[in-house]
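Structure data follow from data30.cif (mmCIF, C-alpha atoms):
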```
data_final
loop_
_atom_site.label_atom_id
_atom_site.label_comp_id
_atom_site.auth_asym_id
_atom_site.auth_seq_id
_atom_site.Cartn_x
_atom_site.Cartn_y
_atom_site.Cartn_z
CA MET G 4 85.89 67.62 87.70
CA MET G 5 84.45 71.11 87.73
CA ASP G 6 85.71 73.73 85.33
CA TYR G 7 87.16 76.71 87.20
CA HIS G 8 88.25 79.98 85.67
CA PHE G 9 89.35 83.36 86.99
CA ARG G 10 88.85 86.64 85.16
CA ASN G 11 88.15 90.34 85.54
CA ALA G 12 84.73 91.03 87.01
CA LYS G 13 82.07 92.85 85.03
CA ILE G 14 79.99 95.66 86.52
CA SER G 15 76.86 93.57 85.90
CA GLU G 16 78.30 90.99 88.34
CA ALA G 17 78.64 93.47 91.21
CA PRO G 18 75.37 92.40 92.92
CA GLN G 19 76.47 88.74 92.99
CA ILE G 20 79.94 89.74 94.23
CA TRP G 21 78.41 91.95 96.93
CA GLU G 22 76.22 89.06 98.09
CA ILE G 23 79.32 86.85 98.47
CA LEU G 24 81.09 89.62 100.40
CA GLN G 25 78.08 90.21 102.68
CA HIS G 26 78.11 86.54 103.68
CA ALA G 27 81.87 86.71 104.25
CA ILE G 28 81.42 89.83 106.42
CA LEU G 29 78.82 87.96 108.48
CA ARG G 30 81.12 84.90 108.77
CA ARG G 31 83.92 87.13 110.08
CA LYS G 32 81.52 88.53 112.68
CA GLU G 33 80.27 85.07 113.68
CA ASP G 34 83.90 83.98 114.09
CA GLY G 35 84.34 86.82 116.57
CA SER G 36 86.55 88.81 114.21
CA THR G 37 86.71 92.58 114.02
CA GLN G 38 87.75 92.39 110.35
CA TRP G 39 85.24 93.88 107.90
CA GLN G 40 82.95 95.04 110.72
CA ASP G 41 83.32 98.78 110.03
CA GLY G 42 81.30 99.23 106.84
CA TYR G 43 84.18 98.08 104.65
CA PRO G 44 84.12 96.52 102.18
CA ASN G 45 80.86 97.73 100.67
CA LEU G 46 79.15 97.78 97.28
CA GLN G 47 80.93 101.00 96.28
CA VAL G 48 84.30 99.32 96.97
CA VAL G 49 83.27 96.48 94.62
CA HIS G 50 82.23 99.00 91.93
CA ASN G 51 85.56 100.83 92.33
CA ASP G 52 87.51 97.56 92.04
CA ILE G 53 85.68 96.64 88.83
CA GLU G 54 85.99 100.11 87.30
CA LYS G 55 89.78 100.02 87.90
CA ASN G 56 90.00 96.47 86.41
CA GLN G 57 91.09 95.24 89.86
CA GLY G 58 88.04 93.11 90.69
CA PHE G 59 88.36 89.43 89.79
CA VAL G 60 85.86 86.59 90.01
CA LEU G 61 86.38 82.85 90.33
CA PHE G 62 83.86 80.76 88.43
CA GLU G 63 82.89 77.14 88.90
CA GLY G 64 81.27 76.40 85.56
CA GLU G 65 78.96 79.38 85.05
CA THR G 66 78.61 80.25 88.76
CA ILE G 67 80.58 82.96 90.56
CA VAL G 68 82.05 81.22 93.61
CA GLY G 69 84.71 83.69 94.73
CA TYR G 70 85.97 87.24 94.53
CA SER G 71 89.23 89.08 95.08
CA ALA G 72 90.74 92.45 94.34
CA VAL G 73 94.07 92.16 92.53
CA ILE G 74 96.11 95.35 92.54
CA ILE G 75 99.52 96.06 91.01
CA ASN G 76 101.97 98.23 93.00
CA ASP G 77 99.29 100.25 94.77
CA GLU G 78 98.74 99.89 98.49
CA PRO G 79 99.87 103.08 100.26
CA ALA G 80 99.55 101.41 103.68
CA TYR G 81 102.34 99.03 102.66
CA ASP G 82 104.83 101.92 102.50
CA GLU G 83 104.74 102.14 106.29
CA ILE G 84 105.42 98.60 107.48
CA GLU G 85 106.50 97.85 111.04
CA GLY G 86 108.97 95.22 109.95
CA LYS G 87 110.52 94.68 106.53
CA TRP G 88 109.21 93.41 103.21
CA LEU G 89 111.24 90.69 101.50
CA THR G 90 111.54 92.76 98.30
CA THR G 91 111.36 96.35 97.12
CA TYR G 92 110.40 95.67 93.51
CA ASP G 93 107.04 95.43 91.71
CA PHE G 94 104.34 93.50 93.53
CA VAL G 95 100.76 92.35 93.27
CA VAL G 96 98.41 92.91 96.21
CA ILE G 97 95.61 90.50 97.08
CA HIS G 98 92.69 92.11 98.92
CA ARG G 99 89.10 91.14 99.78
CA VAL G 100 89.26 87.39 99.17
CA ALA G 101 85.76 85.99 99.67
CA ILE G 102 84.20 82.65 98.81
CA SER G 103 80.51 81.95 98.24
CA GLU G 104 78.70 80.50 101.25
CA LYS G 105 77.66 77.42 99.23
CA HIS G 106 81.24 76.68 98.16
CA LEU G 107 83.21 76.87 101.42
CA GLY G 108 85.65 74.12 102.33
CA LYS G 109 86.75 73.35 98.77
CA GLY G 110 90.10 75.16 98.90
CA LEU G 111 88.81 77.95 96.66
CA ALA G 112 90.57 80.77 98.56
CA GLN G 113 93.85 78.97 97.88
CA MET G 114 92.79 78.54 94.25
CA ILE G 115 92.22 82.31 93.97
CA ILE G 116 95.67 82.97 95.42
CA ARG G 117 97.25 80.53 92.92
CA TYR G 118 95.43 82.33 90.08
CA VAL G 119 96.74 85.66 91.39
CA GLU G 120 100.26 84.23 91.54
CA ASP G 121 99.88 83.11 87.88
CA PHE G 122 98.54 86.59 86.99
CA ALA G 123 101.63 88.16 88.59
CA LEU G 124 104.03 85.90 86.70
CA LYS G 125 102.25 86.61 83.40
CA ASN G 126 102.88 90.30 84.11
CA ASP G 127 106.57 89.67 84.99
CA ILE G 128 105.95 90.45 88.66
CA TYR G 129 107.58 88.14 91.20
CA SER G 130 106.21 89.35 94.53
CA ILE G 131 102.77 88.97 96.10
CA LYS G 132 101.91 91.05 99.15
CA ALA G 133 98.82 90.69 101.31
CA ASP G 134 97.55 91.40 104.77
CA THR G 135 94.92 90.06 107.10
CA ASN G 136 93.46 90.75 110.50
CA PHE G 137 95.11 89.17 113.55
CA ASP G 138 91.95 87.19 114.24
CA ASN G 139 91.41 85.86 110.69
CA ILE G 140 92.87 82.45 111.54
CA ALA G 141 91.64 80.82 108.32
CA MET G 142 93.48 83.32 106.11
CA ILE G 143 96.61 83.22 108.28
CA LYS G 144 96.70 79.43 107.88
CA ILE G 145 96.26 79.73 104.10
CA PHE G 146 99.16 82.20 103.84
CA GLU G 147 101.39 79.97 105.96
CA LYS G 148 100.43 76.83 104.02
CA MET G 149 101.11 78.54 100.68
CA GLY G 150 104.61 79.71 101.61
CA TYR G 151 103.96 83.35 102.49
CA THR G 152 106.35 85.00 104.95
CA LEU G 153 105.09 87.15 107.81
CA CYS G 154 106.96 90.45 107.30
CA GLY G 155 105.47 92.65 110.01
CA LEU G 156 102.52 94.94 110.61
CA VAL G 157 100.69 97.38 108.38
CA TYR G 158 97.77 99.61 109.31
CA LEU G 159 94.59 99.81 107.25
CA ARG G 160 91.83 102.11 108.45
CA ALA G 161 93.85 102.53 111.71
CA SER G 162 93.75 98.78 112.35
CA PRO G 163 96.96 96.72 112.66
CA ARG G 164 97.16 93.86 110.17
CA LYS G 165 99.59 90.99 109.66
CA ALA G 166 101.54 91.66 106.46
CA TYR G 167 102.72 88.78 104.27
CA GLU G 168 104.85 88.47 101.18
CA LYS G 169 105.76 85.63 98.84
CA ILE G 170 108.51 85.75 96.26
CA LEU G 171 107.44 83.76 93.22
CA ALA G 172 109.83 81.37 91.54
CA THR G 173 110.89 82.53 88.09
CA THR G 174 111.16 79.00 86.69
#
```
In structure tokens, write the structure found in this file.
Amino acid sequence: MMDYHFRNAKISEAPQIWEILQHAILRRKEDGSTQWQDGYPNLQVVHNDIEKNQGFVLFEGETIVGYSAVIINDEPAYDEIEGKWLTTYDFVVIHRVAISEKHLGKGLAQMIIRYVEDFALKNDIYSIKADTNFDNIAMIKIFEKMGYTLCGLVYLRASPRKAYEKILATT
């Protein structure tokens, strides 16, 4: 059994993270998706995530196999939802989930989300909010499988996105 761990990214890891994201951007394009096809995310976004302590890496042993931004209470686009969030209290946002090309199909995106849920609980936060493009079928299926509720639409960079929320059990 491989040893997985999830922690804040270091600035020295930005090139490896960017490589994972570049492959994910290409996969989205190959899948016919419009998500991440507008120059976002980019290396500067990764640097900003890390500098704000919002960039997180998933390791398998000593190898970075996944990346996600984990943000507490800060996604201005979520203030203007077409629909209704389940809660109005503190929340953690999951953005930019990407898995290394060599490690696809192992359930690692779900593992990242479980780690983020644990992170939220450790910080006494009981809501996770996230969004994805309409044509990101893989991510939509993950959200549905993991008990996230479709709450409506939000707009990021003028693009409508499906908005999800999950209330975490307090027990």
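Minimum distance to Ile28 of chain G across G:Ala101, G:Leu61, G:Ala123, G:Ile75 (counting only C-alpha atoms) occurs at G:Ala101.
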Step by step, work through what the PyMOL selection byres ((chain G and resi 104) around 9) selects in the shown file, and finish by giving those residues as a PyMOL selection string.
chain G and resi 23+26-27+68+102-103+105-107
Contact residues around Tyr92 of chain G with all atoms listed in the file at 9 Å, ignoring same-chain residues under 4 positions, as a PyMOL selection string:
chain G and resi 76+128-130
Any chance you could work out the residue set of the PyMOL selection byres ((chain G and resi 84) around 7) here, as a list in words?
Tyr81, Asp82, Glu83, Glu85, Gly86, Lys87, Gly155, Leu156 and Val157 of chain G
Can you tell me how far atom CA of Lys148 of chain G sits from atom CA of Val119 of chain G, in Å to one decimal?
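Between atom CA of Lys148 of chain G and atom CA of Val119 of chain G the gap works out to 15.8 Å.
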Would you write out, as a tab-separated table, a table of all residues in segment 128-161 of chain G that have an atom no more than 12 Å from an atom of segment 108-113 of chain G, listing for each the closest atom pair and the distance in Å to one decimal, considering all atoms listed in the file and ordering rows by chain and rising residue number?
```
residue	atom	partner	partner_atom	distance
G:Ala141	CA	G:Ala112	CA	9.8
G:Met142	CA	G:Ala112	CA	8.5
G:Ile143	CA	G:Gln113	CA	11.6
G:Lys144	CA	G:Gln113	CA	10.4
G:Ile145	CA	G:Gln113	CA	6.7
G:Phe146	CA	G:Gln113	CA	8.6
G:Glu147	CA	G:Gln113	CA	11.1
G:Lys148	CA	G:Gln113	CA	9.3
G:Met149	CA	G:Gln113	CA	7.8
G:Gly150	CA	G:Gln113	CA	11.4
G:Tyr151	CA	G:Gln113	CA	11.9
```
Using only C-alpha atoms, which of the listed residues (G:Ile116, G:Leu159, G:Val60, G:Leu124) sits closest to Pro79 of chain G?
G:Leu159
Name every residue that the PyMOL selection byres ((chain G and resi 168) around 10) selects in this structure, writing the answer as a ChimeraX atom specification with chains first and numbers rising.
/G:87-90,94-96,130-134,146,150-155,166-167,169-171
What does the file look like for those residues with C-alpha atoms, as a PDB file, keeping the file's coordinate frame?
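out39.pdb, written as the output of this step:
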```
ATOM      1  CA  LYS G  87     110.520  94.680 106.530  1.00  0.00           C
ATOM      2  CA  TRP G  88     109.210  93.410 103.210  1.00  0.00           C
ATOM      3  CA  LEU G  89     111.240  90.690 101.500  1.00  0.00           C
ATOM      4  CA  THR G  90     111.540  92.760  98.300  1.00  0.00           C
ATOM      5  CA  PHE G  94     104.340  93.500  93.530  1.00  0.00           C
ATOM      6  CA  VAL G  95     100.760  92.350  93.270  1.00  0.00           C
ATOM      7  CA  VAL G  96      98.410  92.910  96.210  1.00  0.00           C
ATOM      8  CA  SER G 130     106.210  89.350  94.530  1.00  0.00           C
ATOM      9  CA  ILE G 131     102.770  88.970  96.100  1.00  0.00           C
ATOM     10  CA  LYS G 132     101.910  91.050  99.150  1.00  0.00           C
ATOM     11  CA  ALA G 133      98.820  90.690 101.310  1.00  0.00           C
ATOM     12  CA  ASP G 134      97.550  91.400 104.770  1.00  0.00           C
ATOM     13  CA  PHE G 146      99.160  82.200 103.840  1.00  0.00           C
ATOM     14  CA  GLY G 150     104.610  79.710 101.610  1.00  0.00           C
ATOM     15  CA  TYR G 151     103.960  83.350 102.490  1.00  0.00           C
ATOM     16  CA  THR G 152     106.350  85.000 104.950  1.00  0.00           C
ATOM     17  CA  LEU G 153     105.090  87.150 107.810  1.00  0.00           C
ATOM     18  CA  CYS G 154     106.960  90.450 107.300  1.00  0.00           C
ATOM     19  CA  GLY G 155     105.470  92.650 110.010  1.00  0.00           C
ATOM     20  CA  ALA G 166     101.540  91.660 106.460  1.00  0.00           C
ATOM     21  CA  TYR G 167     102.720  88.780 104.270  1.00  0.00           C
ATOM     22  CA  LYS G 169     105.760  85.630  98.840  1.00  0.00           C
ATOM     23  CA  ILE G 170     108.510  85.750  96.260  1.00  0.00           C
ATOM     24  CA  LEU G 171     107.440  83.760  93.220  1.00  0.00           C
TER      25      LEU G 171
END
```
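The nearest approach to Val49 of chain G among the residues G:Leu29, G:Ile20, G:Met114, G:Val100, with only C-alpha atoms taken into account, belongs to G:Ile20.
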If you measure from atom CA of Ala72 of chain G to atom CA of Ile53 of chain G, what distance in Å do you get, rounded to one decimal?
8.6 Å
Protein, DNA and RNA residues within 10 Å of (92.5, 89.1, 110.0), only C-alpha atoms, as a list in words
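Final list of nearby residues, as requested, is Arg31, Ser36, Thr37, Gln38, Trp39, Asp134, Thr135, Asn136, Phe137, Asp138, Asn139, Ile140, Ala141, Met142, Ile143, Pro163, Arg164 and Lys165 of chain G.
The space between atom CA of Arg10 of chain G and atom CA of Tyr43 of chain G spans 23.1 Å.
Each of G:Ile67, G:Leu24, G:Ala17, G:Ala172 was checked against Pro44 of chain G using all atoms listed in the file; the smallest atom-to-atom distance is that of G:Leu24.
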Would you mind listing what lies within 12 Å of Lys13 of chain G as a PDB file with C-alpha atoms, keeping the file's coordinate frame, with only C-alpha atoms counted and same-chain residues fewer than 5 positions away left out?
```
ATOM      1  CA  PRO G  18      75.370  92.400  92.920  1.00  0.00           C
ATOM      2  CA  GLN G  19      76.470  88.740  92.990  1.00  0.00           C
ATOM      3  CA  ILE G  20      79.940  89.740  94.230  1.00  0.00           C
ATOM      4  CA  VAL G  49      83.270  96.480  94.620  1.00  0.00           C
ATOM      5  CA  HIS G  50      82.230  99.000  91.930  1.00  0.00           C
ATOM      6  CA  ASN G  51      85.560 100.830  92.330  1.00  0.00           C
ATOM      7  CA  ASP G  52      87.510  97.560  92.040  1.00  0.00           C
ATOM      8  CA  ILE G  53      85.680  96.640  88.830  1.00  0.00           C
ATOM      9  CA  GLU G  54      85.990 100.110  87.300  1.00  0.00           C
ATOM     10  CA  LYS G  55      89.780 100.020  87.900  1.00  0.00           C
ATOM     11  CA  ASN G  56      90.000  96.470  86.410  1.00  0.00           C
ATOM     12  CA  GLN G  57      91.090  95.240  89.860  1.00  0.00           C
ATOM     13  CA  GLY G  58      88.040  93.110  90.690  1.00  0.00           C
ATOM     14  CA  PHE G  59      88.360  89.430  89.790  1.00  0.00           C
ATOM     15  CA  VAL G  60      85.860  86.590  90.010  1.00  0.00           C
ATOM     16  CA  ILE G  67      80.580  82.960  90.560  1.00  0.00           C
ATOM     17  CA  TYR G  70      85.970  87.240  94.530  1.00  0.00           C
TER      18      TYR G  70
END
```
For Phe122 of chain G, which residue out of G:Gly42, G:Asp6, G:Ile97, G:Tyr158 is the nearest one, using only C-alpha atoms?
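Checking each candidate against Phe122 of chain G, we get G:Ile97 as the closest.
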